[in-house]
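Scroll down for the structure; my scribbles are underneath it.
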Amino acid sequence: MDNNAPTRPSRRALLQAGAATGLLFASAAPTAVREARAAQTVPGTATPLPTRPVSLRVNAEVYALSLDPRTTVLDALRHEIGLTGSKKGCDHGQCGACTVLINGRRINSCLTLAVMHEDDDITTIEGLANDEKLHPMQAAFIARDGFQCGYCTPGQICSAVGMLQEVRAGWPSHASQDVATPMTALTDAEIRERMSGNICRCAAYPNIVAAIHDAAKEA
C-alpha cells in the first residue's frame, strides 16, 4: 500500500461542504435580488413627465386641467373630470366601449390624447340628453332593450349617433352596394357593418339594430 497516496474525503465531509456552500449562496441571494431589482424599471410603469395646462370643452362645459401630455381623452374624462359613462374595455381601440363624439364624429377615446383636443367639442353619453329628455337613441335603446349588462351601452349609443350622422352625410360603408350612389335605405347589413367596431359581449346585437332603426326614423 502506498502511504503517499492522497486521502479521499469521506462522504460525510462532502455532504457537509455542500450544505455549507448552499447556505453561503442562500444568504447572499436576497441581497443580489434586491440589487438587480433596483437596477431595473418595473414593467408597466412610466416615468412621469411634467404636466401641462389643458382646457377641454366637454358637454358644453370647459374644464381647466393639468395633465401629463400622454393622458388619453378617456382617462381625462374618467379620472380628471369624473365623467365615468365612457368605459375602459380593451384600452386598444378594439371594443368601442370608450366611444365619444368629438366635433360630431365618433372616436375611440382611449386612442387619442387629450392635448390634441383643446379646441374641440367633446360629447359623452352624459351630454346626449337634453336636461330630463333622453336623446332619441337613448330612448330607443331602452324601448328595444338594446343592452344587458350595460357596460358597452354608452359606447354603443355614442357610436350609433355618430354613425347616423355619417349616413346623412352620404358616407358609404363596406356593405354599400354602390359607393357612387347615395344610400336610400339603412338596411340591417349597413347597420351591422357600420357598428362593427362596437362589441357587445352579451350579444344584444338584434335589439341594438332594431333600436338604431327606430332612432333613424325619429331623426
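Letters A, B, ... go to the chains of the C-alpha cells in the order shown; residues in each chain start at 1; ligands are counted from 1 in the same order.
The shell of residues at most 8 Å from Val54 in chain A, with only C-alpha atoms counted and near chain neighbours (fewer than 5 positions) removed, consists of Ala64, Leu65, Ser66, Leu67, Ala114, Val115 and Glu118 of chain A.
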Would you mind writing down, as a ChimeraX atom specification, each residue of chain A that DSSP on the backbone assigns to helix (DSSP H, G or I)?
-> /A:11-38,73-81,114-117,125-127,136-143,153-168,188-194,205-218
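Minimum atom-to-atom distances from A:Gln156, A:Thr84, A:Asn207, A:Asn130 to Arg144 in chain A were compared using only C-alpha atoms, and the lowest value belongs to A:Asn207.
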Among the residues of range 49-175 of chain A, find those DSSP assigns to strand (DSSP E or B) from the backbone and print them as a ChimeraX atom specification.
-> /A:52-58,61-67,72,99-102,105-108,113,121-123,130,133
Write out as a ChimeraX atom specification each polymer residue whose atoms come within 9 Å of Phe141 in chain A, counting only C-alpha atoms; drop sequence neighbours fewer than 5 positions from it.
-> /A:136,146-147,153,157,207-208,210-212,215
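Rounded to one decimal, CA of Gln94 in chain A and CA of Ala139 in chain A lie 26.0 Å from each other.
You will find CA of Trp171 in chain A at 21.5 Å from CA of Gly93 in chain A.
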CA of Glu193 in chain A and CA of Ser109 in chain A are how many Å apart?
-> 20.5 Å
What's around Thr99 in chain A at 8 Å? Count only C-alpha atoms, leave out sequence neighbours fewer than 6 positions away in its own chain, and write the answer as a CSV table (one decimal) with C-alpha atoms, in the first residue's frame.
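Produced file result.csv, reproduced below:
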chain,number,residue,atom,x,y,z
A,86,SER,CA,-67.4,56.2,-21.1
A,106,ARG,CA,-67.3,59.1,-33.2
A,107,ILE,CA,-63.8,58.4,-31.8
A,108,ASN,CA,-62.3,55.8,-29.6
A,109,SER,CA,-61.3,58.0,-26.7
A,154,PRO,CA,-72.6,54.2,-23.6
A,155,GLY,CA,-70.1,53.5,-26.4
A,156,GLN,CA,-72.8,51.8,-28.5
A,158,CYS,CA,-72.5,57.4,-28.9
A,159,SER,CA,-71.2,55.3,-31.9
